[in-house]
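> my_file22.txt is the file, holding compact mmCIF, C-alpha atoms:
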```txt
# COMPACT_ATOMS: atom_id res chain seq x y z
CA MET A 1 -32.75 33.48 62.23
CA PRO A 2 -34.91 34.01 59.13
CA SER A 3 -34.28 36.60 56.44
CA ARG A 4 -35.63 40.11 56.92
CA ALA A 5 -37.95 39.49 53.96
CA LEU A 6 -39.50 36.51 55.74
CA ARG A 7 -39.85 38.44 59.00
CA HIS A 8 -41.71 41.20 57.15
CA TRP A 9 -43.95 38.65 55.42
CA GLN A 10 -44.76 36.95 58.73
CA THR A 11 -45.56 40.20 60.52
CA ARG A 12 -46.61 43.14 58.31
CA SER A 13 -48.09 41.14 55.44
CA ARG A 14 -49.90 38.80 57.81
CA LYS A 15 -51.51 41.77 59.54
CA VAL A 16 -52.70 43.25 56.23
CA LEU A 17 -54.12 39.90 55.09
CA ASP A 18 -55.79 39.27 58.46
CA GLU A 19 -57.67 42.55 58.07
CA PHE A 20 -59.31 41.12 54.95
CA GLU A 21 -60.36 38.05 56.90
CA ALA A 22 -61.91 40.34 59.50
CA ALA A 23 -63.69 42.42 56.85
CA HIS A 24 -65.13 39.27 55.29
CA ALA A 25 -66.54 38.19 58.66
CA LEU A 26 -68.11 41.60 59.35
CA VAL A 27 -70.26 41.84 56.22
CA GLY A 28 -73.95 42.34 56.99
CA GLY A 29 -77.21 43.06 55.12
CA THR A 30 -79.63 40.84 53.23
CA PRO A 31 -78.41 37.39 52.13
CA ALA A 32 -78.02 38.57 48.52
CA ALA A 33 -76.17 41.74 49.49
CA ARG A 34 -73.97 39.75 51.87
CA ARG A 35 -73.12 37.23 49.18
CA PHE A 36 -72.22 40.00 46.72
CA ALA A 37 -70.07 41.90 49.24
CA ARG A 38 -68.27 38.74 50.35
CA GLN A 39 -67.49 37.84 46.75
CA GLN A 40 -66.00 41.29 46.16
CA ILE A 41 -63.91 41.01 49.32
CA ALA A 42 -62.74 37.50 48.39
CA GLN A 43 -61.69 38.73 44.93
CA ALA A 44 -59.80 41.66 46.45
CA TYR A 45 -58.24 39.25 48.95
CA VAL A 46 -56.85 37.17 46.05
CA VAL A 47 -55.20 40.21 44.46
CA LEU A 48 -53.83 41.41 47.79
CA LEU A 49 -52.45 37.97 48.66
CA CYS A 50 -50.64 37.88 45.31
CA SER A 51 -49.21 41.37 45.72
CA GLN A 52 -47.98 40.73 49.26
CA PHE A 53 -46.41 37.44 48.24
CA GLN A 54 -44.79 39.10 45.21
CA LYS A 55 -43.31 41.74 47.50
CA PHE A 56 -41.91 39.06 49.80
CA CYS A 57 -40.32 37.23 46.84
CA ARG A 58 -38.81 40.47 45.47
CA ASP A 59 -37.42 41.39 48.89
CA LEU A 60 -35.96 37.92 49.43
CA HIS A 61 -34.31 38.03 46.01
CA SER A 62 -32.83 41.49 46.72
CA GLU A 63 -31.63 40.40 50.14
CA ALA A 64 -29.94 37.28 48.73
CA ALA A 65 -28.37 39.23 45.84
CA ASP A 66 -27.01 41.78 48.31
CA ARG A 67 -25.45 39.03 50.44
CA MET A 68 -23.83 37.47 47.36
CA SER A 69 -22.46 40.70 45.91
CA SER A 70 -21.21 41.95 49.28
CA SER A 71 -18.76 39.06 49.33
CA LEU A 72 -16.94 40.64 46.37
CA ASP A 73 -14.49 43.54 46.34
CA VAL A 74 -15.29 47.08 45.18
CA PRO A 75 -16.28 47.83 42.38
CA LEU A 76 -17.15 44.29 41.31
CA ASP A 77 -19.77 44.07 44.06
CA LYS A 78 -21.81 46.86 42.49
CA ILE A 79 -21.56 45.48 38.97
CA PHE A 80 -22.54 42.01 40.16
CA PHE A 81 -25.47 43.27 42.25
CA LYS A 82 -26.83 45.25 39.33
CA ALA A 83 -26.46 42.26 36.99
CA LEU A 84 -28.30 39.96 39.41
CA THR A 85 -31.24 42.32 39.79
CA SER A 86 -31.55 43.98 36.36
CA GLY A 87 -34.84 43.45 34.55
CA ARG A 88 -36.22 40.94 37.06
CA LYS A 89 -39.49 39.34 36.11
CA LEU A 90 -40.70 39.83 39.69
CA ASP A 91 -40.47 43.61 39.21
CA ILE A 92 -43.00 43.61 36.38
CA GLY A 93 -44.90 40.33 36.63
CA ASN A 94 -46.62 38.01 39.08
CA ALA A 95 -44.78 35.78 41.52
CA SER A 96 -45.64 32.79 39.36
CA PRO A 97 -43.60 29.58 39.56
CA SER A 98 -41.99 30.31 36.19
CA ASN A 99 -41.03 33.91 37.08
CA LEU A 100 -39.67 32.76 40.44
CA GLY A 101 -37.65 29.99 38.80
CA SER A 102 -36.23 32.47 36.30
CA ASP A 103 -35.27 35.20 38.79
CA PHE A 104 -33.91 32.96 41.55
CA GLY A 105 -32.19 30.86 38.90
CA ARG A 106 -30.05 33.91 38.15
CA LEU A 107 -28.56 33.52 41.62
CA GLY A 108 -27.25 30.14 40.46
CA VAL A 109 -29.76 27.89 42.18
CA GLY A 110 -31.98 25.33 40.42
CA PHE A 111 -34.86 26.80 42.34
CA TRP A 112 -37.84 24.46 42.00
CA ASP A 113 -35.67 21.34 41.87
CA GLU A 114 -34.15 22.36 45.20
CA MET A 115 -37.56 23.23 46.58
CA ARG A 116 -38.96 19.80 45.74
CA LEU A 117 -35.88 18.08 47.17
CA HIS A 118 -36.11 20.10 50.36
CA ASN A 119 -39.72 19.24 51.12
CA ALA A 120 -42.03 16.84 49.29
CA ARG A 121 -45.03 19.13 50.02
CA ASN A 122 -43.55 21.90 47.89
CA ALA A 123 -44.71 20.29 44.63
CA GLU A 124 -48.35 20.67 45.73
CA ARG A 125 -47.68 24.19 47.04
CA GLN A 126 -46.17 25.08 43.65
CA ARG A 127 -49.34 23.81 41.96
CA LEU A 128 -51.48 25.91 44.29
CA LEU A 129 -49.35 28.98 43.56
CA GLU A 130 -49.96 28.45 39.84
CA GLU A 131 -53.68 28.18 40.54
CA LEU A 132 -53.64 31.33 42.68
CA ASN A 133 -51.95 33.29 39.89
CA ARG A 134 -54.54 32.11 37.36
CA TRP A 135 -57.32 33.36 39.63
CA ARG A 136 -55.45 36.57 40.31
CA ASN A 137 -55.28 37.25 36.57
CA ALA A 138 -58.92 36.33 36.10
CA VAL A 139 -59.97 38.75 38.85
CA ALA A 140 -57.62 41.56 37.84
CA HIS A 141 -58.68 41.43 34.18
CA GLN A 142 -62.25 40.26 34.89
CA ASP A 143 -61.70 37.49 32.39
CA PHE A 144 -62.75 34.09 33.68
CA SER A 145 -62.44 32.30 30.35
CA HIS A 146 -59.26 30.35 31.17
CA PRO A 147 -60.07 26.65 30.65
CA ALA A 148 -58.44 25.75 33.97
CA LEU A 149 -61.12 27.78 35.81
CA ALA A 150 -63.74 25.38 34.39
CA GLY A 151 -66.36 28.11 34.01
CA GLU A 152 -66.13 29.18 37.65
CA HIS A 153 -66.59 32.88 38.41
CA ASP A 154 -66.79 32.84 42.18
CA VAL A 155 -63.83 32.78 44.54
CA THR A 156 -64.60 31.20 47.89
CA LEU A 157 -62.88 32.18 51.11
CA ARG A 158 -62.02 28.50 51.63
CA TYR A 159 -59.93 28.57 48.46
CA VAL A 160 -58.21 31.85 49.29
CA ARG A 161 -57.27 30.43 52.70
CA ARG A 162 -55.87 27.35 51.01
CA TRP A 163 -53.76 29.50 48.68
CA ARG A 164 -52.63 31.62 51.60
CA ARG A 165 -51.51 28.54 53.53
CA ALA A 166 -49.56 27.44 50.44
CA CYS A 167 -47.88 30.88 50.21
CA GLU A 168 -47.05 30.78 53.92
CA GLY A 169 -45.48 27.36 53.51
CA LEU A 170 -43.59 28.41 50.40
CA ALA A 171 -42.24 31.56 52.06
CA VAL A 172 -40.64 29.52 54.86
CA GLU A 173 -39.27 27.03 52.34
CA PHE A 174 -37.88 29.73 50.00
CA ASP A 175 -36.05 31.23 52.95
CA ALA A 176 -34.66 27.86 54.06
CA VAL A 177 -33.56 26.74 50.59
CA LEU A 178 -31.82 30.04 49.89
CA GLN A 179 -30.17 30.03 53.29
CA LEU A 180 -28.75 26.55 52.64
CA TYR A 181 -27.59 27.53 49.18
CA LEU A 182 -25.95 30.79 50.29
CA ARG A 183 -24.35 29.17 53.32
CA THR A 184 -22.66 26.62 51.06
CA LEU A 185 -21.64 29.31 48.59
CA LEU A 186 -20.47 32.01 51.02
CA LYS A 187 -19.20 29.70 53.79
CA ARG A 188 -21.24 31.59 56.38
CA ARG A 189 -24.86 32.05 57.37
CA PRO A 190 -26.42 34.72 55.13
CA TRP A 191 -29.01 35.72 57.77
CA MET B 1 -38.95 57.94 75.36
CA ALA B 2 -38.34 56.68 71.79
CA ARG B 3 -34.84 57.15 70.49
CA ARG B 4 -34.50 58.87 67.20
CA ARG B 5 -32.54 56.83 64.64
CA GLN B 6 -29.44 58.49 63.32
CA SER B 7 -29.76 59.51 59.69
CA ARG B 8 -27.68 57.45 57.26
CA PRO B 9 -26.46 58.32 53.77
CA GLY B 10 -29.32 57.75 51.34
CA ASP B 11 -32.09 58.11 53.92
CA GLU B 12 -33.13 61.38 52.29
CA PHE B 13 -34.24 59.67 49.06
CA ARG B 14 -37.90 58.84 48.49
CA VAL B 15 -39.85 56.88 45.87
CA GLY B 16 -40.17 59.10 42.79
CA ASP B 17 -36.88 60.94 43.38
CA ARG B 18 -34.46 61.25 40.52
CA VAL B 19 -30.98 60.13 41.52
CA ARG B 20 -27.56 59.45 40.05
CA TYR B 21 -26.18 55.94 40.24
CA PRO B 22 -22.36 55.91 40.18
CA MET B 23 -20.93 53.18 37.97
CA PRO B 24 -17.22 52.33 37.77
CA GLN B 25 -16.97 54.50 34.66
CA GLY B 26 -19.64 57.16 34.59
CA ILE B 27 -22.94 58.08 36.14
CA LEU B 28 -26.36 56.69 35.32
CA ASP B 29 -29.48 58.82 35.81
CA ALA B 30 -32.26 56.83 37.43
CA VAL B 31 -35.52 57.18 39.33
CA ILE B 32 -36.46 55.36 42.53
CA ILE B 33 -39.58 53.30 41.89
CA ASP B 34 -39.79 51.22 45.08
CA ASP B 35 -38.36 51.16 48.57
CA HIS B 36 -37.44 47.66 49.77
CA GLY B 37 -36.64 48.95 53.27
CA ASP B 38 -33.68 48.05 55.49
CA ILE B 39 -33.27 44.48 54.24
CA GLY B 40 -29.68 44.64 52.95
CA VAL B 41 -26.42 43.58 54.53
CA ASN B 42 -26.13 45.05 58.06
CA GLY B 43 -29.61 46.52 57.66
CA ARG B 44 -28.74 48.84 54.80
CA ARG B 45 -31.63 50.20 52.80
CA LEU B 46 -32.26 48.82 49.31
CA VAL B 47 -34.25 50.60 46.62
CA LEU B 48 -35.52 49.61 43.19
CA LEU B 49 -34.38 51.94 40.40
CA ARG B 50 -35.25 52.43 36.76
CA GLY B 51 -32.57 53.77 34.45
CA LEU B 52 -33.50 56.95 32.61
CA THR B 53 -31.30 56.65 29.54
CA GLU B 54 -32.21 55.02 26.26
CA PHE B 55 -29.44 52.48 26.87
CA MET B 56 -30.57 51.50 30.34
CA GLU B 57 -34.30 51.47 30.99
CA ASP B 58 -34.31 48.25 33.00
CA THR B 59 -35.12 48.11 36.68
CA PHE B 60 -32.41 47.11 39.14
CA VAL B 61 -31.78 47.16 42.87
CA SER B 62 -29.22 49.33 44.62
CA PRO B 63 -28.23 50.22 48.16
CA ALA B 64 -29.58 53.72 48.86
CA GLU B 65 -26.30 54.68 50.53
CA ILE B 66 -24.37 54.80 47.24
CA LEU B 67 -26.83 57.03 45.37
CA LEU B 68 -26.21 60.68 44.66
CA PRO B 69 -28.82 63.43 44.38
CA SER B 70 -29.80 64.36 40.84
CA ALA B 71 -28.02 67.48 39.63
```
Can you give me the file's structure in the form of structure tokens?


Amino acid sequence: MPSRALRHWQTRSRKVLDEFEAAHALVGGTPAARRFARQQIAQAYVVLLCSQFQKFCRDLHSEAADRMSSSLDVPLDKIFFKALTSGRKLDIGNASPSNLGSDFGRLGVGFWDEMRLHNARNAERQRLLEELNRWRNAVAHQDFSHPALAGEHDVTLRYVRRWRRACEGLAVEFDAVLQLYLRTLLKRRPW
Amino acid sequence: MARRRQSRPGDEFRVGDRVRYPMPQGILDAVIIDDHGDIGVNGRRLVLLRGLTEFMEDTFVSPAEILLPSA
């Protein structure tokens, strides 16, 4: 059984993101107006995808930290839980590979090393997540000057779908890697 | 007919509420800034808090069931 965080991501978040896909398909008007509206929707889709994925990552981290601390006696459980979740980067910043590595690393797991060992496709998904976060920042701050964007200003739906597929793949992998790690650590299935 | 879920300790708190977080020695005033939902052990509700003292302004996660209403 997957974590609750993953179940939420695969149901509620999917529904919210699918509504953007539907909105993109429904745009009408003249070709120029359609192009403009679709670009605005695609940009909003990027920000929404990032925020939903960030929420999933935060929830998964909280869920894992709760499982770990619940294995301790009172009052150490509370102190440990607070220490694991205090000042998380995911609470104030994007779900970027570096922030994820930092926050999940606090649980004692070499996060991205384990991810790459678990599935060879995760290296490319990690790269796509980095790319998604760059575009998210460009859209949110309306600053497209980052050299990695190569002068591009337009987000295409094809790219957002690619990033979304990467996030969907990563979500399943995060869940699996953490489950393996916690099962070894706690000697029982965490979820 | 839908069954009404029994209210649990902490269910009364909402995002924006000021609460007291009991520590082993003392109480920390905090505010709820996000609701993670029932994702904790045995489906307990987890919330994100921010400390309200100058010594503890960080965010941290807590089960809602252990929080106390602000005085």

> Within 7 Å of chain A, which residues of chain B show up when using all atoms listed in the file, listed as a tab-separated table (two decimals) with C-alpha atoms, in the frame of the given file?


```
chain	number	residue	atom	x	y	z
B	24	PRO	CA	-17.22	52.33	37.77
B	36	HIS	CA	-37.44	47.66	49.77
B	39	ILE	CA	-33.27	44.48	54.24
B	40	GLY	CA	-29.68	44.64	52.95
B	41	VAL	CA	-26.42	43.58	54.53
B	58	ASP	CA	-34.31	48.25	33.00
B	59	THR	CA	-35.12	48.11	36.68
B	60	PHE	CA	-32.41	47.11	39.14
B	61	VAL	CA	-31.78	47.16	42.87
```

> Quick one: distance from atom CA of A:Ala140 to atom CA of A:Ala44 in Å, one decimal?

8.9 Å

> Put a box with edges along x, y and z around all the listed atoms of stretch 18-28 of chain B, pad it by 6 Å on each side, then give me its centre and sizes in Å, one decimal, as lines of an AutoDock Vina configuration file.


```
center_x = -25.7
center_y = 56.8
center_z = 38.1
size_x = 29.5
size_y = 20.9
size_z = 18.9
```

> Could you give me, as a list in words, the residues within 12 Å of B:Val15, counting all atoms listed in the file and dropping anything in the same chain fewer than 2 positions from it?

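These residues fall inside the cut-off: Gly10, Asp11, Glu12, Phe13, Asp17, Arg18, Val19, Ala30, Val31, Ile32, Ile33, Asp34, Asp35, His36, Gly37, Leu46, Val47, Leu48, Leu49, Arg50 and Ala64 of chain B.
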
> Give me the residues within 7 Å of A:Val155 as a list in words, counting all atoms listed in the file and dropping any in the same chain fewer than 6 places off.

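Skipping anything fewer than 6 positions along the chain leaves Gln39, Ala42 and Gln43 of chain A.
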
> Closest to B:Leu67 among B:Gly16, B:Gly26, B:Gly51, B:Pro9, using all atoms listed in the file?

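Of B:Gly16, B:Gly26, B:Gly51, B:Pro9, the one nearest B:Leu67, counting all atoms listed in the file, is B:Pro9.
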
> With all atoms listed in the file as the atoms that count, which of A:Thr156, A:Glu114, A:Arg189, A:Met1 lies nearest to A:Arg35?

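With all atoms listed in the file as the atom set, the closest residue is A:Thr156.
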
> Can you tell me which residues surround A:Arg38 at a distance of at most 10 Å, considering all atoms listed in the file, apart from same-chain residues fewer than 6 positions away, and format the answer as a PyMOL selection string?

chain A and resi 23-28+32+44+155-157

> Nearest to B:Ile27: which of B:Leu68, B:Glu54, B:Arg14, B:Arg5 is it, counting all atoms listed in the file?

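Looking only at the distances to B:Ile27, the closest residue turns out to be B:Leu68.
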
> Considering only C-alpha atoms, can you say which of A:Ser96, A:Asn137, A:Asn119, A:Ser13 comes closest to A:Ala176?

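Counting only C-alpha atoms, the residue closest to A:Ala176 is A:Asn119.
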
> So the first atom is atom CA of A:Arg34 and the second is atom CA of A:Glu152; what is the distance between them in Å, to one decimal place?

19.4 Å

> Can you take the partial stretch 50-63 of chain B, add N, CA and C atoms, and return it as a compact mmCIF listing (two decimals), in the coordinates of the input?


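Okay, this is what ended up in out_15.txt:
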```txt
# COMPACT_ATOMS: atom_id res chain seq x y z
N ARG B 50 -35.11 52.60 38.21
CA ARG B 50 -35.25 52.43 36.76
C ARG B 50 -34.33 53.41 36.09
N GLY B 51 -33.48 52.90 35.18
CA GLY B 51 -32.57 53.77 34.45
C GLY B 51 -33.34 54.73 33.56
N LEU B 52 -32.79 55.92 33.38
CA LEU B 52 -33.50 56.95 32.61
C LEU B 52 -32.81 57.27 31.29
N THR B 53 -31.91 56.41 30.83
CA THR B 53 -31.30 56.65 29.54
C THR B 53 -31.84 55.63 28.54
N GLU B 54 -31.69 55.94 27.28
CA GLU B 54 -32.21 55.02 26.26
C GLU B 54 -31.44 53.71 26.24
N PHE B 55 -30.25 53.70 26.85
CA PHE B 55 -29.44 52.48 26.87
C PHE B 55 -29.71 51.64 28.12
N MET B 56 -30.34 52.23 29.09
CA MET B 56 -30.57 51.50 30.34
C MET B 56 -31.92 51.89 30.92
N GLU B 57 -32.95 51.19 30.49
CA GLU B 57 -34.30 51.47 30.99
C GLU B 57 -34.79 50.37 31.91
N ASP B 58 -33.94 49.36 32.13
CA ASP B 58 -34.31 48.25 33.00
C ASP B 58 -34.42 48.70 34.45
N THR B 59 -35.11 47.89 35.23
CA THR B 59 -35.12 48.11 36.68
C THR B 59 -33.95 47.34 37.28
N PHE B 60 -33.45 47.83 38.39
CA PHE B 60 -32.41 47.11 39.14
C PHE B 60 -32.41 47.61 40.57
N VAL B 61 -31.79 46.84 41.44
CA VAL B 61 -31.78 47.16 42.87
C VAL B 61 -30.43 47.76 43.25
N SER B 62 -30.47 48.70 44.16
CA SER B 62 -29.22 49.33 44.62
C SER B 62 -29.33 49.70 46.10
N PRO B 63 -28.21 49.66 46.82
CA PRO B 63 -28.23 50.22 48.16
C PRO B 63 -28.45 51.73 48.06
```
